[in-house]
file upload-v4.cif (mmCIF, C-alpha atoms)
data_entry
#
loop_
_atom_site.label_atom_id
_atom_site.label_comp_id
_atom_site.auth_asym_id
_atom_site.auth_seq_id
_atom_site.Cartn_x
_atom_site.Cartn_y
_atom_site.Cartn_z
CA MET A 1 72.51 -70.00 1.05
CA ARG A 2 74.91 -70.52 3.91
CA ARG A 3 76.90 -67.38 4.73
CA LYS A 4 80.70 -67.44 4.65
CA ILE A 5 81.08 -66.19 8.22
CA PRO A 6 83.34 -67.67 10.94
CA SER A 7 82.04 -68.31 14.45
CA THR A 8 81.38 -65.32 16.68
CA ALA A 9 83.48 -66.91 19.45
CA ALA A 10 86.47 -67.11 17.13
CA LEU A 11 86.07 -63.47 16.06
CA ILE A 12 85.80 -62.28 19.67
CA ALA A 13 88.91 -64.24 20.66
CA PHE A 14 90.81 -62.87 17.65
CA GLU A 15 89.76 -59.26 18.30
CA SER A 16 90.84 -59.47 21.94
CA ALA A 17 94.17 -61.13 21.09
CA ALA A 18 94.86 -58.60 18.33
CA ARG A 19 94.05 -55.64 20.58
CA ASN A 20 96.14 -56.98 23.47
CA GLN A 21 98.87 -58.43 21.23
CA SER A 22 98.75 -61.44 23.53
CA PHE A 23 96.89 -64.73 23.74
CA THR A 24 97.41 -64.76 27.51
CA LYS A 25 95.83 -61.33 28.05
CA ALA A 26 92.98 -62.24 25.73
CA ALA A 27 92.33 -65.37 27.78
CA GLN A 28 92.26 -63.31 30.98
CA GLU A 29 89.94 -60.72 29.45
CA LEU A 30 87.51 -63.35 28.14
CA SER A 31 87.71 -65.63 31.20
CA LEU A 32 89.02 -68.49 29.05
CA THR A 33 92.09 -70.66 29.16
CA GLN A 34 94.99 -69.73 26.93
CA GLY A 35 94.55 -73.02 25.16
CA ALA A 36 90.93 -72.20 24.33
CA VAL A 37 91.97 -68.86 22.81
CA CYS A 38 94.69 -70.58 20.79
CA ARG A 39 92.21 -73.11 19.45
CA GLN A 40 89.68 -70.45 18.47
CA ILE A 41 92.29 -68.42 16.58
CA ALA A 42 93.74 -71.53 14.91
CA ALA A 43 90.23 -72.45 13.77
CA LEU A 44 89.73 -68.92 12.41
CA GLU A 45 93.03 -69.07 10.49
CA ALA A 46 92.03 -72.46 9.05
CA PHE A 47 88.63 -71.04 8.03
CA LEU A 48 90.29 -68.04 6.32
CA ASN A 49 93.25 -70.04 5.06
CA ILE A 50 95.39 -67.07 6.15
CA GLU A 51 97.95 -66.67 8.91
CA LEU A 52 96.80 -63.89 11.25
CA PHE A 53 99.62 -64.04 13.82
CA ARG A 54 103.32 -64.83 13.73
CA ARG A 55 104.20 -66.96 16.73
CA SER A 56 107.57 -66.91 18.46
CA ARG A 57 108.98 -67.67 21.89
CA ARG A 58 108.54 -64.01 22.81
CA GLY A 59 104.82 -63.97 21.94
CA VAL A 60 102.62 -63.22 18.97
CA VAL A 61 102.61 -60.40 16.39
CA LEU A 62 99.88 -59.66 13.87
CA THR A 63 100.70 -60.26 10.23
CA GLU A 64 99.83 -57.58 7.69
CA ALA A 65 96.66 -59.49 6.81
CA GLY A 66 95.92 -59.89 10.52
CA GLN A 67 96.21 -56.14 11.12
CA SER A 68 93.79 -55.34 8.29
CA TYR A 69 91.30 -57.99 9.37
CA ALA A 70 91.52 -56.93 13.03
CA ARG A 71 90.52 -53.34 12.18
CA ARG A 72 87.49 -54.53 10.24
CA VAL A 73 86.41 -57.12 12.77
CA ALA A 74 86.69 -54.64 15.67
CA GLY A 75 84.42 -52.18 13.89
CA GLN A 76 81.84 -54.83 13.08
CA LEU A 77 81.81 -56.25 16.61
CA ASP A 78 81.36 -52.73 18.02
CA ALA A 79 78.38 -52.21 15.68
CA VAL A 80 76.80 -55.52 16.71
CA GLU A 81 77.25 -54.62 20.39
CA ARG A 82 75.64 -51.19 19.88
CA ASP A 83 72.69 -52.71 18.05
CA THR A 84 72.30 -55.38 20.72
CA LEU A 85 72.29 -52.84 23.55
CA ALA A 86 69.80 -50.69 21.64
CA VAL A 87 67.40 -53.61 21.24
CA MET A 88 67.79 -54.58 24.90
CA GLY A 89 67.01 -51.00 25.90
CA GLN A 90 63.79 -51.01 23.89
CA GLN A 91 62.10 -53.72 25.91
CA GLY A 92 58.67 -52.50 26.94
CA ALA A 93 59.06 -49.26 24.97
CA MET A 94 57.84 -48.09 21.56
CA ASN A 95 60.16 -46.02 19.40
CA ILE A 96 59.30 -44.10 16.24
CA GLU A 97 61.98 -43.05 13.78
CA LEU A 98 60.46 -40.02 12.07
CA ALA A 99 61.96 -38.24 9.06
CA VAL A 100 60.98 -34.56 8.98
CA VAL A 101 61.51 -31.59 6.72
CA PRO A 102 63.92 -29.52 8.84
CA THR A 103 62.30 -26.14 9.49
CA PHE A 104 58.85 -27.65 10.03
CA GLY A 105 60.41 -30.08 12.49
CA THR A 106 62.28 -27.48 14.53
CA GLN A 107 59.85 -24.55 14.36
CA TRP A 108 56.45 -26.27 14.49
CA LEU A 109 56.71 -29.91 15.55
CA LEU A 110 59.35 -29.87 18.29
CA PRO A 111 57.67 -27.17 20.43
CA ARG A 112 54.53 -29.36 20.51
CA LEU A 113 56.10 -32.79 21.04
CA LYS A 114 56.09 -32.39 24.81
CA ASP A 115 52.28 -32.63 24.66
CA PHE A 116 52.52 -35.93 22.78
CA GLN A 117 55.06 -37.23 25.30
CA ARG A 118 52.70 -36.30 28.13
CA LEU A 119 49.84 -38.19 26.49
CA HIS A 120 51.96 -41.19 25.44
CA PRO A 121 55.02 -41.52 27.72
CA GLU A 122 55.55 -45.07 26.46
CA VAL A 123 56.37 -43.78 22.94
CA THR A 124 59.71 -42.18 22.04
CA VAL A 125 59.84 -40.11 18.84
CA ASN A 126 63.27 -39.71 17.24
CA LEU A 127 63.59 -37.00 14.58
CA THR A 128 65.96 -36.93 11.60
CA ASN A 129 66.07 -34.25 8.90
CA ARG A 130 65.16 -35.32 5.37
CA THR A 131 64.27 -32.74 2.71
CA ARG A 132 63.43 -35.12 -0.16
CA PRO A 133 61.50 -38.39 -0.64
CA PHE A 134 63.27 -41.71 -0.11
CA LEU A 135 62.54 -45.43 -0.12
CA PHE A 136 61.37 -46.58 3.30
CA ALA A 137 62.74 -50.05 2.56
CA ASP A 138 66.25 -48.57 2.36
CA THR A 139 66.06 -46.79 5.72
CA GLU A 140 65.05 -47.39 9.32
CA PHE A 141 62.36 -44.69 9.22
CA ASP A 142 58.87 -45.62 10.41
CA ALA A 143 57.18 -42.53 8.98
CA ALA A 144 57.93 -39.11 7.51
CA VAL A 145 56.60 -35.57 7.57
CA TYR A 146 56.94 -34.46 3.98
CA PHE A 147 56.04 -31.42 1.85
CA GLY A 148 54.58 -32.39 -1.50
CA ASP A 149 51.47 -33.76 -3.18
CA GLY A 150 51.02 -36.73 -0.85
CA ASP A 151 51.67 -39.22 -3.66
CA TRP A 152 54.30 -41.60 -2.23
CA SER A 153 54.25 -45.16 -3.52
CA GLY A 154 53.53 -47.88 -0.97
CA THR A 155 52.38 -45.47 1.74
CA ARG A 156 49.31 -43.87 3.28
CA SER A 157 49.38 -40.06 3.44
CA HIS A 158 47.60 -37.85 5.99
CA LEU A 159 47.16 -34.15 5.25
CA LEU A 160 48.50 -31.91 7.99
CA MET A 161 48.43 -28.33 6.67
CA ARG A 162 48.85 -26.24 3.58
CA GLU A 163 51.50 -23.62 2.99
CA ASN A 164 50.83 -19.94 2.27
CA ALA A 165 54.20 -18.26 1.82
CA MET A 166 54.53 -14.50 2.21
CA ALA A 167 57.24 -12.03 1.25
CA VAL A 168 59.28 -11.14 4.35
CA CYS A 169 62.41 -9.11 4.93
CA SER A 170 64.38 -7.14 7.48
CA PRO A 171 62.58 -3.97 8.66
CA ALA A 172 65.57 -2.02 7.31
CA LEU A 173 64.62 -2.90 3.71
CA LEU A 174 61.20 -1.24 4.06
CA GLN A 175 62.81 2.17 4.60
CA ASP A 176 59.88 3.46 6.69
CA GLN A 177 57.28 2.15 4.23
CA ALA A 178 54.45 0.01 5.57
CA GLN A 179 54.47 -2.29 2.52
CA LEU A 180 56.29 -2.68 -0.78
CA SER A 181 54.65 -3.04 -4.15
CA ALA A 182 55.31 -6.06 -6.34
CA GLU A 183 57.37 -3.80 -8.64
CA GLN A 184 59.51 -2.60 -5.71
CA ILE A 185 60.05 -6.18 -4.53
CA ALA A 186 61.03 -7.27 -8.04
CA ALA A 187 63.86 -4.71 -7.96
CA LEU A 188 65.32 -6.09 -4.71
CA PRO A 189 67.49 -9.22 -4.26
CA LEU A 190 65.21 -12.26 -4.23
CA LEU A 191 66.19 -15.11 -1.93
CA GLN A 192 65.34 -18.46 -3.50
CA GLN A 193 64.28 -21.73 -1.85
CA THR A 194 65.90 -24.78 -3.47
CA THR A 195 62.89 -27.08 -3.20
CA ARG A 196 60.48 -24.39 -4.46
CA PRO A 197 62.37 -23.00 -7.49
CA TYR A 198 59.31 -21.35 -9.10
CA ALA A 199 57.91 -19.72 -5.97
CA TRP A 200 58.77 -16.14 -6.84
CA ARG A 201 57.61 -16.56 -10.45
CA GLN A 202 54.25 -17.85 -9.19
CA TRP A 203 54.02 -15.02 -6.65
CA PHE A 204 54.64 -12.33 -9.27
CA ASN A 205 52.36 -13.97 -11.89
CA ALA A 206 49.50 -14.09 -9.37
CA GLN A 207 49.72 -10.28 -9.33
CA GLY A 208 49.91 -9.94 -13.11
CA LEU A 209 53.61 -9.12 -13.15
CA ASN A 210 56.38 -10.78 -15.14
CA SER A 211 59.77 -10.27 -13.55
CA PRO A 212 62.87 -11.25 -15.56
CA ARG A 213 64.72 -11.79 -12.27
CA ASP A 214 62.14 -14.03 -10.61
CA MET A 215 64.46 -17.07 -10.60
CA SER A 216 67.71 -15.25 -9.90
CA GLY A 217 69.32 -14.77 -6.52
CA PRO A 218 71.08 -16.96 -3.95
CA ARG A 219 69.49 -20.35 -3.29
CA TYR A 220 69.08 -21.94 0.12
CA GLU A 221 67.82 -25.43 0.91
CA LEU A 222 66.08 -24.64 4.21
CA PHE A 223 63.55 -22.00 5.23
CA SER A 224 65.65 -21.38 8.33
CA MET A 225 68.52 -20.36 6.04
CA LEU A 226 66.24 -18.02 4.08
CA ALA A 227 65.07 -16.46 7.33
CA GLN A 228 68.62 -15.83 8.49
CA ALA A 229 69.59 -14.31 5.12
CA ALA A 230 66.51 -12.07 5.16
CA MET A 231 67.21 -10.91 8.73
CA HIS A 232 70.74 -9.94 7.62
CA GLU A 233 69.30 -7.70 4.89
CA MET A 234 70.48 -9.94 2.05
CA GLY A 235 67.13 -9.74 0.27
CA ILE A 236 63.46 -10.71 0.44
CA ALA A 237 62.28 -14.27 1.02
CA LEU A 238 59.01 -16.15 0.53
CA ILE A 239 58.40 -18.03 3.79
CA PRO A 240 55.23 -19.45 5.40
CA PRO A 241 54.60 -17.27 8.47
CA PHE A 242 54.01 -20.26 10.77
CA LEU A 243 57.67 -21.24 10.30
CA ILE A 244 58.98 -17.82 11.42
CA ARG A 245 56.45 -16.88 14.10
CA ARG A 246 59.11 -15.89 16.65
CA GLU A 247 61.05 -13.75 14.17
CA LEU A 248 57.86 -11.92 13.18
CA ASP A 249 56.72 -11.43 16.77
CA GLU A 250 60.12 -10.03 17.75
CA GLY A 251 60.22 -7.71 14.72
CA ARG A 252 63.38 -9.22 13.26
CA LEU A 253 61.36 -9.98 10.12
CA VAL A 254 58.36 -8.08 8.76
CA MET A 255 55.82 -8.66 6.01
CA ALA A 256 56.90 -6.84 2.87
CA SER A 257 53.53 -7.40 1.19
CA THR A 258 50.05 -8.63 2.09
CA HIS A 259 49.94 -10.98 -0.91
CA SER A 260 50.51 -14.66 -0.12
CA LEU A 261 51.41 -17.60 -2.35
CA ALA A 262 48.95 -20.46 -1.89
CA SER A 263 50.82 -23.64 -2.77
CA ASP A 264 49.10 -26.59 -4.43
CA LYS A 265 51.25 -28.82 -2.21
CA ALA A 266 51.04 -29.40 1.53
CA TYR A 267 52.63 -31.01 4.57
CA TYR A 268 51.71 -34.68 4.99
CA LEU A 269 52.40 -37.41 7.48
CA ILE A 270 53.54 -40.39 5.39
CA ILE A 271 53.25 -43.91 6.83
CA PRO A 272 54.38 -46.98 4.84
CA GLU A 273 51.63 -49.54 4.35
CA ARG A 274 53.53 -52.22 6.25
CA LYS A 275 53.46 -49.97 9.35
CA LEU A 276 49.76 -49.06 9.30
CA GLU A 277 48.91 -51.31 12.25
CA SER A 278 51.64 -49.93 14.53
CA ALA A 279 50.05 -48.75 17.78
CA ALA A 280 52.74 -46.11 18.31
CA LEU A 281 52.27 -44.69 14.80
CA LEU A 282 48.50 -44.65 15.22
CA HIS A 283 48.93 -42.59 18.39
CA LEU A 284 51.27 -40.19 16.59
CA ARG A 285 49.00 -39.96 13.53
CA ASP A 286 45.90 -39.12 15.55
CA TRP A 287 47.72 -36.55 17.69
CA LEU A 288 49.56 -34.92 14.78
CA VAL A 289 46.48 -34.63 12.56
CA ARG A 290 44.52 -33.17 15.49
CA GLU A 291 47.26 -30.63 16.35
CA ALA A 292 47.71 -29.57 12.73
CA SER A 293 43.97 -29.18 12.19
CA ALA A 294 43.61 -27.04 15.31
CA TYR A 295 46.56 -24.87 14.33
CA ALA A 296 45.42 -24.45 10.74
CA GLU A 297 41.93 -23.44 11.89
CA SER A 298 43.22 -20.92 14.42
CA SER A 299 45.68 -19.47 11.90
CA GLY A 300 43.34 -19.41 8.91
CA LEU A 301 45.47 -21.84 6.92
CA ASN A 302 42.60 -24.12 5.84
#
call {"tool": "encode", "arguments": {"input": "upload-v4.cif", "output": "structure tokens"}}
result
Amino acid sequence: MRRKIPSTAALIAFESAARNQSFTKAAQELSLTQGAVCRQIAALEAFLNIELFRRSRRGVVLTEAGQSYARRVAGQLDAVERDTLAVMGQQGAMNIELAVVPTFGTQWLLPRLKDFQRLHPEVTVNLTNRTRPFLFADTEFDAAVYFGDGDWSGTRSHLLMRENAMAVCSPALLQDQAQLSAEQIAALPLLQQTTRPYAWRQWFNAQGLNSPRDMSGPRYELFSMLAQAAMHEMGIALIPPFLIRRELDEGRLVMASTHSLASDKAYYLIIPERKLESAALLHLRDWLVREASAYAESSGLN
């Protein structure tokens, strides 16, 4: 079906004339004759069947319809120019648009990406936070690092590492105790993670304890938010230690208990089937799986 779109030349002439409020200035800006600009705009008005300018001996003035159309056209032309420059800048390069769960991306992946860049300087990895699954067809993402069961329709999943969350808090909450019992923890404010709503219930049940408050407490979407709340003595949080390594090493957070919660879910690299032959993604897949395997082995996460 043929699109109902006027010529690009006419739109460019109109945008310039509307911005300059002058056919003469538009002609100078576009290196055209004034007559050529007039013809392009007349053709655009005929195409739209709408008068865009009011002409007089003193010049031209946009009509109300012309003002509205000029705002929209300017925005669309700017977008086309940005996209064009982006494509031109990609010549000879390989870019990957990677969706990542936020705390994993900032605390684990980013500190290691420099090694990937050293090995593959021709590949640029762009990161965007996404906490929940999405349809690849509706986005520009080439792949995703996702926490779940690895079942994502139309994709190939690659296991990276599992998650063993532990109860952590500010040292002040321990009150000179080395550890807290499950009963003591149950009496303290429990910080909840939005995407793992049953985490505390599972943690208590694994120790044979039913806590009526296991799903109560403030909820936060990101582990980084839970870590900040815990450091400010707002309660106890269940967080995988590998996501808060610096906070633990610096003593801003401490383990409140030695019991961990082994999740039945894990972190996966998700690649849509239509992208499986991408050389850049194959490089990233091999490197990421290798890095995650080495880290999991050294940290006892396997």
call {"tool": "residues_around", "arguments": {"input": "upload-v4.cif", "residues": "A:Asn126", "least_positions_apart": "2", "cutoff": "8 Å", "atoms": "all atoms listed in the file", "output": "ChimeraX atom specification"}}
result
/A:95-98,124,128
call {"tool": "atom_distance", "arguments": {"input": "upload-v4.cif", "atom1": "atom CA of A:Ala9", "atom2": "atom CA of A:Arg57"}}
result
25.6 Å
call {"tool": "atom_distance", "arguments": {"input": "upload-v4.cif", "atom1": "atom CA of A:Leu30", "atom2": "atom CA of A:Val61"}}
result
19.4 Å
call {"tool": "closest_residue", "arguments": {"input": "upload-v4.cif", "among": "A:Ile244, A:Ile185, A:Leu269, A:Leu281", "to": "A:Ser157", "atoms": "all atoms listed in the file"}}
result
A:Leu269
call {"tool": "closest_residue", "arguments": {"input": "upload-v4.cif", "among": "A:His232, A:His120, A:Arg156, A:Arg245", "to": "A:Ser299", "atoms": "all atoms listed in the file"}}
result
A:Arg245
call {"tool": "residues_around", "arguments": {"input": "upload-v4.cif", "residues": "A:Ala18", "least_positions_apart": "2", "cutoff": "10 Å", "atoms": "only C-alpha atoms", "output": "MDAnalysis selection string"}}
result
chainID A and resid 12:16 20:23 26 52:53 60:62 66:67 69:71 74
call {"tool": "atom_distance", "arguments": {"input": "upload-v4.cif", "atom1": "atom CA of A:Gln28", "atom2": "atom CA of A:Leu48"}}
result
25.2 Å
call {"tool": "residues_around", "arguments": {"input": "upload-v4.cif", "residues": "A:Leu238", "least_positions_apart": "6", "cutoff": "9 Å", "atoms": "all atoms listed in the file", "output": "ChimeraX atom specification"}}
result
/A:165-169,190-193,199-200,203,223,226,260-261
call {"tool": "write_last_selection", "arguments": {"input": "upload-v4.cif", "atoms": "C-alpha atoms", "output": "short mmCIF file (atom, residue, chain, number, x, y, z; two decimals), keeping the file's coordinate frame"}}
result
data_model
loop_
_atom_site.label_atom_id
_atom_site.label_comp_id
_atom_site.auth_asym_id
_atom_site.auth_seq_id
_atom_site.Cartn_x
_atom_site.Cartn_y
_atom_site.Cartn_z
CA ALA A 165 54.20 -18.26 1.82
CA MET A 166 54.53 -14.50 2.21
CA ALA A 167 57.24 -12.03 1.25
CA VAL A 168 59.28 -11.14 4.35
CA CYS A 169 62.41 -9.11 4.93
CA LEU A 190 65.21 -12.26 -4.23
CA LEU A 191 66.19 -15.11 -1.93
CA GLN A 192 65.34 -18.46 -3.50
CA GLN A 193 64.28 -21.73 -1.85
CA ALA A 199 57.91 -19.72 -5.97
CA TRP A 200 58.77 -16.14 -6.84
CA TRP A 203 54.02 -15.02 -6.65
CA PHE A 223 63.55 -22.00 5.23
CA LEU A 226 66.24 -18.02 4.08
CA SER A 260 50.51 -14.66 -0.12
CA LEU A 261 51.41 -17.60 -2.35
#
call {"tool": "resolve_selection", "arguments": {"input": "upload-v4.cif", "expression": "the PyMOL selection byres ((chain A and resi 181) around 12)", "output": "list in words"}}
result
Ala167, Leu174, Gln177, Ala178, Gln179, Leu180, Ala182, Glu183, Gln184, Ile185, Ala186, Ala187, Leu188, Phe204, Gln207, Leu209, Met255, Ala256, Ser257, Thr258 and His259 of chain A
call {"tool": "residues_around", "arguments": {"input": "upload-v4.cif", "residues": "A:Gly150", "least_positions_apart": "5", "cutoff": "10 Å", "atoms": "all atoms listed in the file", "output": "PyMOL selection string"}}
result
chain A and resi 155-159+265-270
call {"tool": "resolve_selection", "arguments": {"input": "upload-v4.cif", "expression": "the PyMOL selection byres ((chain A and resi 194) around 7)", "output": "ChimeraX atom specification"}}
result
/A:192-193,195-197,219-221
call {"tool": "residues_around", "arguments": {"input": "upload-v4.cif", "residues": "A:Met231", "least_positions_apart": "3", "cutoff": "8 Å", "atoms": "only C-alpha atoms", "output": "list in words"}}
result
Cys169, Ser170, Ala227, Gln228, Met234, Arg252 and Leu253 of chain A
call {"tool": "write_last_selection", "arguments": {"input": "upload-v4.cif", "atoms": "C-alpha atoms", "output": "compact mmCIF listing (two decimals), keeping the file's coordinate frame"}}
result
# COMPACT_ATOMS: atom_id res chain seq x y z
CA CYS A 169 62.41 -9.11 4.93
CA SER A 170 64.38 -7.14 7.48
CA ALA A 227 65.07 -16.46 7.33
CA GLN A 228 68.62 -15.83 8.49
CA MET A 234 70.48 -9.94 2.05
CA ARG A 252 63.38 -9.22 13.26
CA LEU A 253 61.36 -9.98 10.12
call {"tool": "closest_residue", "arguments": {"input": "upload-v4.cif", "among": "A:Phe147, A:Phe47, A:Phe116, A:Phe141", "to": "A:Val101", "atoms": "only C-alpha atoms"}}
result
A:Phe147
